[in-house]
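S.K.: The following file, start.cif, comprises mmCIF, N, CA and C atoms:
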data_final
#
loop_
_atom_site.label_atom_id
_atom_site.label_comp_id
_atom_site.auth_asym_id
_atom_site.auth_seq_id
_atom_site.Cartn_x
_atom_site.Cartn_y
_atom_site.Cartn_z
N VAL Z 860 -13.30 -33.43 -6.72
CA VAL Z 860 -14.64 -33.81 -6.33
C VAL Z 860 -14.99 -33.22 -4.97
N ARG Z 861 -14.07 -33.22 -4.04
CA ARG Z 861 -14.36 -32.68 -2.71
C ARG Z 861 -14.62 -31.18 -2.76
N LEU Z 862 -13.88 -30.46 -3.61
CA LEU Z 862 -14.12 -29.02 -3.71
C LEU Z 862 -15.50 -28.73 -4.26
N GLU Z 863 -16.00 -29.58 -5.16
CA GLU Z 863 -17.33 -29.37 -5.73
C GLU Z 863 -18.41 -29.50 -4.67
N SER Z 864 -18.17 -30.31 -3.64
CA SER Z 864 -19.19 -30.50 -2.60
C SER Z 864 -18.99 -29.56 -1.41
N LEU Z 865 -17.97 -28.72 -1.43
CA LEU Z 865 -17.72 -27.77 -0.36
C LEU Z 865 -18.83 -26.72 -0.34
N PRO Z 866 -19.48 -26.51 0.81
CA PRO Z 866 -20.56 -25.52 0.86
C PRO Z 866 -20.01 -24.11 0.66
N THR Z 867 -20.65 -23.35 -0.18
CA THR Z 867 -20.27 -21.96 -0.42
C THR Z 867 -21.52 -21.11 -0.41
N GLY Z 868 -21.34 -19.82 -0.54
CA GLY Z 868 -22.49 -18.93 -0.67
C GLY Z 868 -22.96 -18.37 0.65
N GLY Z 869 -22.32 -17.29 1.10
CA GLY Z 869 -22.79 -16.57 2.27
C GLY Z 869 -22.39 -17.15 3.60
N ARG Z 870 -21.56 -18.15 3.60
CA ARG Z 870 -21.19 -18.80 4.86
C ARG Z 870 -20.17 -17.99 5.65
N THR Z 871 -19.19 -17.42 4.97
CA THR Z 871 -18.16 -16.63 5.63
C THR Z 871 -18.04 -15.30 4.93
N PRO Z 872 -18.12 -14.19 5.66
CA PRO Z 872 -17.89 -12.90 5.01
C PRO Z 872 -16.49 -12.89 4.39
N LEU Z 873 -16.41 -12.59 3.11
CA LEU Z 873 -15.15 -12.68 2.37
C LEU Z 873 -14.06 -11.81 2.99
N ALA Z 874 -14.35 -10.57 3.30
CA ALA Z 874 -13.34 -9.69 3.88
C ALA Z 874 -12.83 -10.24 5.21
N ALA Z 875 -13.73 -10.73 6.05
CA ALA Z 875 -13.33 -11.28 7.35
C ALA Z 875 -12.43 -12.49 7.16
N GLY Z 876 -12.75 -13.35 6.20
CA GLY Z 876 -11.92 -14.51 5.93
C GLY Z 876 -10.54 -14.12 5.45
N LEU Z 877 -10.48 -13.13 4.56
CA LEU Z 877 -9.19 -12.67 4.05
C LEU Z 877 -8.36 -12.01 5.16
N LEU Z 878 -9.01 -11.21 5.98
CA LEU Z 878 -8.28 -10.56 7.08
C LEU Z 878 -7.76 -11.58 8.08
N ARG Z 879 -8.55 -12.61 8.34
CA ARG Z 879 -8.09 -13.68 9.26
C ARG Z 879 -6.89 -14.40 8.67
N ALA Z 880 -6.94 -14.70 7.39
CA ALA Z 880 -5.80 -15.35 6.72
C ALA Z 880 -4.57 -14.45 6.78
N HIS Z 881 -4.76 -13.16 6.58
CA HIS Z 881 -3.65 -12.21 6.65
C HIS Z 881 -3.01 -12.22 8.03
N GLU Z 882 -3.84 -12.28 9.07
CA GLU Z 882 -3.32 -12.32 10.44
C GLU Z 882 -2.56 -13.62 10.70
N VAL Z 883 -3.08 -14.73 10.23
CA VAL Z 883 -2.39 -16.02 10.39
C VAL Z 883 -1.02 -15.97 9.73
N LEU Z 884 -0.96 -15.42 8.53
CA LEU Z 884 0.32 -15.32 7.83
C LEU Z 884 1.28 -14.38 8.55
N ARG Z 885 0.77 -13.30 9.11
CA ARG Z 885 1.62 -12.38 9.86
C ARG Z 885 2.29 -13.09 11.03
N VAL Z 886 1.52 -13.87 11.77
CA VAL Z 886 2.06 -14.61 12.90
C VAL Z 886 3.08 -15.64 12.43
N GLU Z 887 2.78 -16.34 11.34
CA GLU Z 887 3.70 -17.35 10.84
C GLU Z 887 4.99 -16.74 10.33
N ARG Z 888 4.92 -15.54 9.74
CA ARG Z 888 6.15 -14.86 9.30
C ARG Z 888 7.04 -14.52 10.48
N LEU Z 889 6.43 -14.17 11.62
CA LEU Z 889 7.22 -13.90 12.82
C LEU Z 889 7.89 -15.17 13.32
N ARG Z 890 7.19 -16.28 13.23
CA ARG Z 890 7.75 -17.56 13.68
C ARG Z 890 8.87 -18.04 12.78
N ASP Z 891 8.67 -17.88 11.47
CA ASP Z 891 9.65 -18.38 10.51
C ASP Z 891 9.67 -17.47 9.28
N PRO Z 892 10.53 -16.45 9.30
CA PRO Z 892 10.57 -15.50 8.20
C PRO Z 892 10.97 -16.12 6.85
N ALA Z 893 11.55 -17.30 6.88
CA ALA Z 893 11.97 -17.95 5.63
C ALA Z 893 10.81 -18.63 4.90
N ARG Z 894 9.70 -18.80 5.58
CA ARG Z 894 8.53 -19.43 4.93
C ARG Z 894 8.01 -18.57 3.80
N ARG Z 895 7.56 -19.24 2.75
CA ARG Z 895 6.98 -18.55 1.60
C ARG Z 895 5.50 -18.91 1.53
N PRO Z 896 4.63 -18.01 1.96
CA PRO Z 896 3.21 -18.35 2.05
C PRO Z 896 2.53 -18.44 0.68
N LEU Z 897 1.51 -19.24 0.63
CA LEU Z 897 0.62 -19.35 -0.52
C LEU Z 897 -0.80 -19.34 0.02
N VAL Z 898 -1.58 -18.36 -0.38
CA VAL Z 898 -2.97 -18.26 0.05
C VAL Z 898 -3.84 -18.88 -1.03
N VAL Z 899 -4.70 -19.81 -0.62
CA VAL Z 899 -5.65 -20.42 -1.54
C VAL Z 899 -7.04 -20.06 -1.03
N VAL Z 900 -7.79 -19.36 -1.87
CA VAL Z 900 -9.14 -18.91 -1.51
C VAL Z 900 -10.13 -19.68 -2.38
N VAL Z 901 -11.01 -20.41 -1.75
CA VAL Z 901 -12.07 -21.14 -2.46
C VAL Z 901 -13.34 -20.32 -2.29
N THR Z 902 -13.84 -19.75 -3.39
CA THR Z 902 -14.95 -18.81 -3.28
C THR Z 902 -15.69 -18.68 -4.60
N ASP Z 903 -16.92 -18.22 -4.49
CA ASP Z 903 -17.64 -17.81 -5.70
C ASP Z 903 -17.43 -16.32 -5.93
N GLY Z 904 -16.73 -15.67 -5.00
CA GLY Z 904 -16.39 -14.26 -5.14
C GLY Z 904 -17.45 -13.30 -4.65
N ARG Z 905 -18.58 -13.82 -4.24
CA ARG Z 905 -19.65 -12.94 -3.77
C ARG Z 905 -19.36 -12.52 -2.34
N ALA Z 906 -19.11 -11.25 -2.15
CA ALA Z 906 -18.77 -10.73 -0.83
C ALA Z 906 -20.03 -10.53 0.00
N THR Z 907 -19.96 -10.92 1.26
CA THR Z 907 -21.06 -10.72 2.20
C THR Z 907 -20.49 -10.13 3.48
N GLY Z 908 -21.35 -9.70 4.34
CA GLY Z 908 -20.94 -9.26 5.67
C GLY Z 908 -20.76 -7.77 5.79
N GLY Z 909 -21.65 -7.13 6.52
CA GLY Z 909 -21.51 -5.72 6.85
C GLY Z 909 -21.79 -4.79 5.70
N PRO Z 910 -21.62 -3.50 5.98
CA PRO Z 910 -21.83 -2.52 4.93
C PRO Z 910 -20.66 -2.54 3.95
N GLU Z 911 -20.95 -2.34 2.69
CA GLU Z 911 -19.95 -2.30 1.63
C GLU Z 911 -19.03 -3.53 1.63
N PRO Z 912 -19.58 -4.73 1.56
CA PRO Z 912 -18.76 -5.93 1.63
C PRO Z 912 -17.77 -6.07 0.48
N VAL Z 913 -18.13 -5.60 -0.71
CA VAL Z 913 -17.21 -5.70 -1.85
C VAL Z 913 -15.99 -4.81 -1.63
N ALA Z 914 -16.22 -3.58 -1.18
CA ALA Z 914 -15.10 -2.66 -0.92
C ALA Z 914 -14.19 -3.19 0.18
N LEU Z 915 -14.78 -3.76 1.23
CA LEU Z 915 -13.99 -4.34 2.32
C LEU Z 915 -13.16 -5.52 1.83
N ALA Z 916 -13.75 -6.38 1.02
CA ALA Z 916 -13.03 -7.54 0.48
C ALA Z 916 -11.90 -7.08 -0.44
N THR Z 917 -12.16 -6.05 -1.24
CA THR Z 917 -11.12 -5.52 -2.13
C THR Z 917 -9.94 -4.99 -1.33
N ARG Z 918 -10.22 -4.22 -0.30
CA ARG Z 918 -9.13 -3.68 0.53
C ARG Z 918 -8.35 -4.81 1.22
N ALA Z 919 -9.07 -5.81 1.71
CA ALA Z 919 -8.39 -6.94 2.35
C ALA Z 919 -7.50 -7.68 1.35
N ALA Z 920 -7.99 -7.88 0.14
CA ALA Z 920 -7.20 -8.56 -0.89
C ALA Z 920 -5.95 -7.78 -1.24
N ARG Z 921 -6.07 -6.48 -1.28
CA ARG Z 921 -4.91 -5.64 -1.64
C ARG Z 921 -3.79 -5.71 -0.61
N LEU Z 922 -4.11 -6.08 0.63
CA LEU Z 922 -3.05 -6.29 1.62
C LEU Z 922 -2.10 -7.39 1.18
N PHE Z 923 -2.66 -8.47 0.65
CA PHE Z 923 -1.83 -9.57 0.17
C PHE Z 923 -1.00 -9.14 -1.03
N ALA Z 924 -1.64 -8.43 -1.96
CA ALA Z 924 -0.94 -7.97 -3.16
C ALA Z 924 0.21 -7.04 -2.79
N ALA Z 925 -0.02 -6.14 -1.84
CA ALA Z 925 1.01 -5.19 -1.43
C ALA Z 925 2.23 -5.89 -0.84
N GLU Z 926 2.00 -7.02 -0.20
CA GLU Z 926 3.10 -7.77 0.42
C GLU Z 926 3.71 -8.79 -0.54
N GLY Z 927 3.11 -8.94 -1.72
CA GLY Z 927 3.64 -9.90 -2.69
C GLY Z 927 3.35 -11.35 -2.31
N THR Z 928 2.31 -11.58 -1.54
CA THR Z 928 1.95 -12.93 -1.13
C THR Z 928 1.35 -13.69 -2.32
N ALA Z 929 1.90 -14.85 -2.61
CA ALA Z 929 1.38 -15.68 -3.70
C ALA Z 929 -0.03 -16.14 -3.36
N SER Z 930 -0.91 -16.16 -4.35
CA SER Z 930 -2.28 -16.57 -4.10
C SER Z 930 -2.91 -17.24 -5.30
N VAL Z 931 -3.86 -18.10 -4.98
CA VAL Z 931 -4.67 -18.78 -5.98
C VAL Z 931 -6.12 -18.67 -5.52
N VAL Z 932 -6.99 -18.30 -6.44
CA VAL Z 932 -8.42 -18.27 -6.15
C VAL Z 932 -9.07 -19.40 -6.93
N VAL Z 933 -9.69 -20.32 -6.21
CA VAL Z 933 -10.44 -21.40 -6.84
C VAL Z 933 -11.88 -20.91 -6.96
N ASP Z 934 -12.29 -20.66 -8.19
CA ASP Z 934 -13.61 -20.12 -8.48
C ASP Z 934 -14.63 -21.26 -8.47
N CYS Z 935 -15.47 -21.27 -7.46
CA CYS Z 935 -16.47 -22.34 -7.34
C CYS Z 935 -17.86 -21.86 -7.74
N GLU Z 936 -17.92 -20.74 -8.45
CA GLU Z 936 -19.21 -20.24 -8.91
C GLU Z 936 -19.83 -21.24 -9.88
N SER Z 937 -21.11 -21.46 -9.72
CA SER Z 937 -21.80 -22.40 -10.60
C SER Z 937 -23.12 -21.80 -11.03
N GLY Z 938 -23.78 -22.48 -11.93
CA GLY Z 938 -25.08 -22.01 -12.39
C GLY Z 938 -24.98 -21.31 -13.73
N PRO Z 939 -26.12 -21.00 -14.30
CA PRO Z 939 -26.12 -20.40 -15.63
C PRO Z 939 -25.64 -18.96 -15.67
N VAL Z 940 -25.80 -18.23 -14.58
CA VAL Z 940 -25.35 -16.84 -14.52
C VAL Z 940 -24.07 -16.78 -13.71
N ARG Z 941 -22.99 -16.41 -14.38
CA ARG Z 941 -21.70 -16.31 -13.70
C ARG Z 941 -21.22 -14.87 -13.75
N LEU Z 942 -20.89 -14.35 -12.59
CA LEU Z 942 -20.52 -12.95 -12.48
C LEU Z 942 -19.03 -12.69 -12.63
N GLY Z 943 -18.20 -13.72 -12.48
CA GLY Z 943 -16.76 -13.54 -12.62
C GLY Z 943 -16.11 -12.83 -11.45
N LEU Z 944 -16.77 -12.84 -10.31
CA LEU Z 944 -16.26 -12.11 -9.15
C LEU Z 944 -15.00 -12.74 -8.57
N ALA Z 945 -14.88 -14.05 -8.64
CA ALA Z 945 -13.68 -14.71 -8.13
C ALA Z 945 -12.46 -14.30 -8.95
N GLY Z 946 -12.64 -14.17 -10.24
CA GLY Z 946 -11.54 -13.70 -11.10
C GLY Z 946 -11.12 -12.29 -10.75
N GLN Z 947 -12.10 -11.44 -10.44
CA GLN Z 947 -11.79 -10.07 -10.01
C GLN Z 947 -11.02 -10.08 -8.69
N LEU Z 948 -11.43 -10.97 -7.79
CA LEU Z 948 -10.73 -11.10 -6.52
C LEU Z 948 -9.29 -11.52 -6.75
N ALA Z 949 -9.08 -12.48 -7.64
CA ALA Z 949 -7.71 -12.92 -7.95
C ALA Z 949 -6.88 -11.74 -8.44
N GLY Z 950 -7.48 -10.89 -9.25
CA GLY Z 950 -6.78 -9.71 -9.73
C GLY Z 950 -6.38 -8.78 -8.60
N GLU Z 951 -7.29 -8.56 -7.66
CA GLU Z 951 -6.98 -7.70 -6.50
C GLU Z 951 -5.89 -8.32 -5.63
N LEU Z 952 -5.90 -9.65 -5.52
CA LEU Z 952 -4.88 -10.34 -4.75
C LEU Z 952 -3.53 -10.35 -5.47
N GLY Z 953 -3.56 -10.09 -6.77
CA GLY Z 953 -2.34 -10.22 -7.57
C GLY Z 953 -2.02 -11.68 -7.82
N GLY Z 954 -3.07 -12.51 -7.84
CA GLY Z 954 -2.87 -13.94 -7.94
C GLY Z 954 -3.48 -14.54 -9.18
N THR Z 955 -3.62 -15.83 -9.14
CA THR Z 955 -4.11 -16.64 -10.25
C THR Z 955 -5.51 -17.14 -9.92
N ALA Z 956 -6.38 -17.18 -10.92
CA ALA Z 956 -7.73 -17.74 -10.74
C ALA Z 956 -7.84 -19.01 -11.56
N VAL Z 957 -8.43 -20.03 -10.96
CA VAL Z 957 -8.74 -21.27 -11.67
C VAL Z 957 -10.17 -21.66 -11.33
N THR Z 958 -10.84 -22.28 -12.28
CA THR Z 958 -12.19 -22.76 -12.02
C THR Z 958 -12.13 -24.22 -11.59
N LEU Z 959 -13.20 -24.70 -11.01
CA LEU Z 959 -13.24 -26.11 -10.63
C LEU Z 959 -13.07 -27.00 -11.86
N ASP Z 960 -13.59 -26.55 -12.99
CA ASP Z 960 -13.44 -27.34 -14.21
C ASP Z 960 -11.99 -27.45 -14.64
N GLU Z 961 -11.21 -26.40 -14.40
CA GLU Z 961 -9.79 -26.40 -14.78
C GLU Z 961 -8.91 -27.13 -13.78
N LEU Z 962 -9.41 -27.26 -12.57
CA LEU Z 962 -8.61 -27.79 -11.48
C LEU Z 962 -8.72 -29.31 -11.41
N ARG Z 963 -7.62 -29.96 -11.53
CA ARG Z 963 -7.56 -31.42 -11.40
C ARG Z 963 -6.45 -31.75 -10.42
N ALA Z 964 -6.58 -32.84 -9.70
CA ALA Z 964 -5.61 -33.21 -8.67
C ALA Z 964 -4.19 -33.24 -9.22
N ASP Z 965 -4.01 -33.76 -10.42
CA ASP Z 965 -2.66 -33.87 -10.95
C ASP Z 965 -2.08 -32.52 -11.38
N SER Z 966 -2.93 -31.50 -11.49
CA SER Z 966 -2.42 -30.20 -11.90
C SER Z 966 -2.19 -29.26 -10.73
N ILE Z 967 -2.60 -29.63 -9.54
CA ILE Z 967 -2.45 -28.74 -8.39
C ILE Z 967 -0.98 -28.46 -8.09
N ALA Z 968 -0.15 -29.49 -8.09
CA ALA Z 968 1.27 -29.30 -7.80
C ALA Z 968 1.90 -28.36 -8.82
N GLY Z 969 1.57 -28.53 -10.08
CA GLY Z 969 2.10 -27.66 -11.12
C GLY Z 969 1.64 -26.23 -10.95
N LEU Z 970 0.39 -26.05 -10.58
CA LEU Z 970 -0.15 -24.71 -10.36
C LEU Z 970 0.59 -24.02 -9.23
N VAL Z 971 0.79 -24.73 -8.12
CA VAL Z 971 1.49 -24.15 -6.97
C VAL Z 971 2.91 -23.76 -7.38
N LYS Z 972 3.61 -24.63 -8.11
CA LYS Z 972 4.97 -24.32 -8.55
C LYS Z 972 4.97 -23.09 -9.47
N ASP Z 973 3.99 -23.01 -10.37
CA ASP Z 973 3.91 -21.85 -11.28
C ASP Z 973 3.69 -20.56 -10.50
N VAL Z 974 2.77 -20.60 -9.53
CA VAL Z 974 2.46 -19.40 -8.74
C VAL Z 974 3.67 -18.99 -7.92
N GLN Z 975 4.30 -19.93 -7.26
CA GLN Z 975 5.46 -19.59 -6.44
C GLN Z 975 6.64 -19.17 -7.30
N GLY Z 976 6.79 -19.78 -8.47
CA GLY Z 976 7.87 -19.38 -9.38
C GLY Z 976 7.69 -17.97 -9.89
N SER Z 977 6.45 -17.58 -10.16
CA SER Z 977 6.21 -16.22 -10.65
C SER Z 977 6.49 -15.20 -9.56
N ARG Z 978 6.30 -15.56 -8.30
CA ARG Z 978 6.60 -14.65 -7.19
C ARG Z 978 8.11 -14.51 -7.00
N ARG Z 979 8.86 -15.58 -7.24
CA ARG Z 979 10.32 -15.49 -7.12
C ARG Z 979 10.90 -14.56 -8.17
N ALA Z 980 10.32 -14.63 -9.37
CA ALA Z 980 10.82 -13.82 -10.47
C ALA Z 980 10.47 -12.35 -10.31
N ALA Z 981 9.42 -12.06 -9.54
CA ALA Z 981 8.95 -10.66 -9.39
C ALA Z 981 9.84 -9.85 -8.48
#
How would this structure read if it were set down as structure tokens?
M.R.:
Amino acid sequence: VRLESLPTGGRTPLAAGLLRAHEVLRVERLRDPARRPLVVVVTDGRATGGPEPVALATRAARLFAAEGTASVVVDCESGPVRLGLAGQLAGELGGTAVTLDELRADSIAGLVKDVQGSRRAA
């Protein structure tokens, strides 16, 4: 329910948010190399900010994929017209996409275990 009320749509440039998350993880890896990061992106997938925002977001997402960082994209797109951009982002991240309809509190722990388990096997 809280994710459904989270404001989305043009609030944070997607590429900038991904790059900031990448920097946070870089610092945390230096502090504790044994940590296994999981990036959770809550988005409708619509990239904003600067020239070529989709290309910038794609390049930022590929940084995570290249490092093998586990990720989940929570697709919060709503309305009658759905573009599927969050699913595309999940693909660029090398991660899993779930919609708000699929996401339930009791399934979050299982989802995280599945995502982290798939990264261990890779």
S.K.: Need to verify the contact set: range 913-918 of chain Z, 8 Å, only C-alpha atoms, exclusion of same-chain residues closer than 6 positions in sequence. Can you return it as number ranges by chain?
M.R.: Z: 873-875, 877, 905-907, 948, 951
S.K.: Excluding same-chain residues fewer than 6 positions from Ala949 in chain Z, what lies within 6 Å of it counting all atoms listed in the file, as a PyMOL selection string?
M.R.: chain Z and resi 932+955-956
S.K.: Could you save those same residues with N, CA and C atoms as a short mmCIF file (atom, residue, chain, number, x, y, z; two decimals), in the coordinates of the input?
M.R.:
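Okay, this is what ended up in part-v7.cif:
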data_model
loop_
_atom_site.label_atom_id
_atom_site.label_comp_id
_atom_site.auth_asym_id
_atom_site.auth_seq_id
_atom_site.Cartn_x
_atom_site.Cartn_y
_atom_site.Cartn_z
N VAL Z 932 -6.99 -18.30 -6.44
CA VAL Z 932 -8.42 -18.27 -6.15
C VAL Z 932 -9.07 -19.40 -6.93
N THR Z 955 -3.62 -15.83 -9.14
CA THR Z 955 -4.11 -16.64 -10.25
C THR Z 955 -5.51 -17.14 -9.92
N ALA Z 956 -6.38 -17.18 -10.92
CA ALA Z 956 -7.73 -17.74 -10.74
C ALA Z 956 -7.84 -19.01 -11.56
#
S.K.: Run DSSP on the backbone and give me the residues of range 902-932 of chain Z it puts in strand (DSSP E), as number ranges by chain.
M.R.: Z: 902, 929-932
S.K.: Name the residues that the PyMOL selection byres (((chain Z and resi 896 and name CA) around 9) and name CA) picks from the file above, as a VMD selection string, using the file's chain letters and numbers.
M.R.: chain Z and resid 884 887 to 888 894 to 895 897 to 898 928 to 930 975
S.K.: Determine, counting only C-alpha atoms, which protein, DNA and RNA residues have an atom within 7 Å of an atom of Val901 in chain Z; residues of the same chain fewer than 4 positions away are not included. Present the result as a ChimeraX atom specification.
M.R.: /Z:932-935
S.K.: Which distance in Å separates CA of Val940 in chain Z and atom C of Glu961 in chain Z, to one decimal?
M.R.: 19.4 Å
S.K.: Between Z:Arg890, Z:Arg921, Z:Arg941, Z:Arg885, which has the minimum distance to Thr958 in chain Z (counting only C-alpha atoms)?
M.R.: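 Once distances to Thr958 in chain Z are computed over only C-alpha atoms, the minimum belongs to Z:Arg941.
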S.K.: Which value, in Å to one decimal, gives the distance between CA of Pro939 in chain Z and CA of Asp903 in chain Z?
M.R.: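 Result for CA of Pro939 in chain Z versus CA of Asp903 in chain Z: 13.3 Å, one decimal.
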S.K.: Quick one: of Z:Val886, Z:Ala880, Z:Leu962, Z:Val957, who's nearest to Gly943 in chain Z, counting only C-alpha atoms?
M.R.: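 Between Z:Val886, Z:Ala880, Z:Leu962, Z:Val957, the residue approaching Gly943 in chain Z most closely is Z:Val957.
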S.K.: Counting all atoms listed in the file, which residue out of Z:Pro872, Z:Gly904, Z:Glu926, Z:His881 sits closest to Gly946 in chain Z?
M.R.: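 Nearest candidate to Gly946 in chain Z out of Z:Pro872, Z:Gly904, Z:Glu926, Z:His881: Z:Gly904.
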S.K.: With all atoms listed in the file as the atoms that count, which of Z:Leu878, Z:Leu889, Z:Val900, Z:Gly950 lies nearest to Val931 in chain Z?
M.R.: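 Comparing Z:Leu878, Z:Leu889, Z:Val900, Z:Gly950 against Val931 in chain Z, the winner is Z:Val900.
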S.K.: Rounded to one decimal place, report the CA of Gly908 in chain Z-CA of Gly876 in chain Z distance in Å.
M.R.: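 Answer for the CA of Gly908 in chain Z to CA of Gly876 in chain Z separation: 10.4 Å.
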S.K.: As number ranges by chain, which residues of range 876-973 of chain Z does DSSP assign to helix (DSSP H, G or I)?
M.R.: Z: 876-890, 912-926, 944-952, 964-973
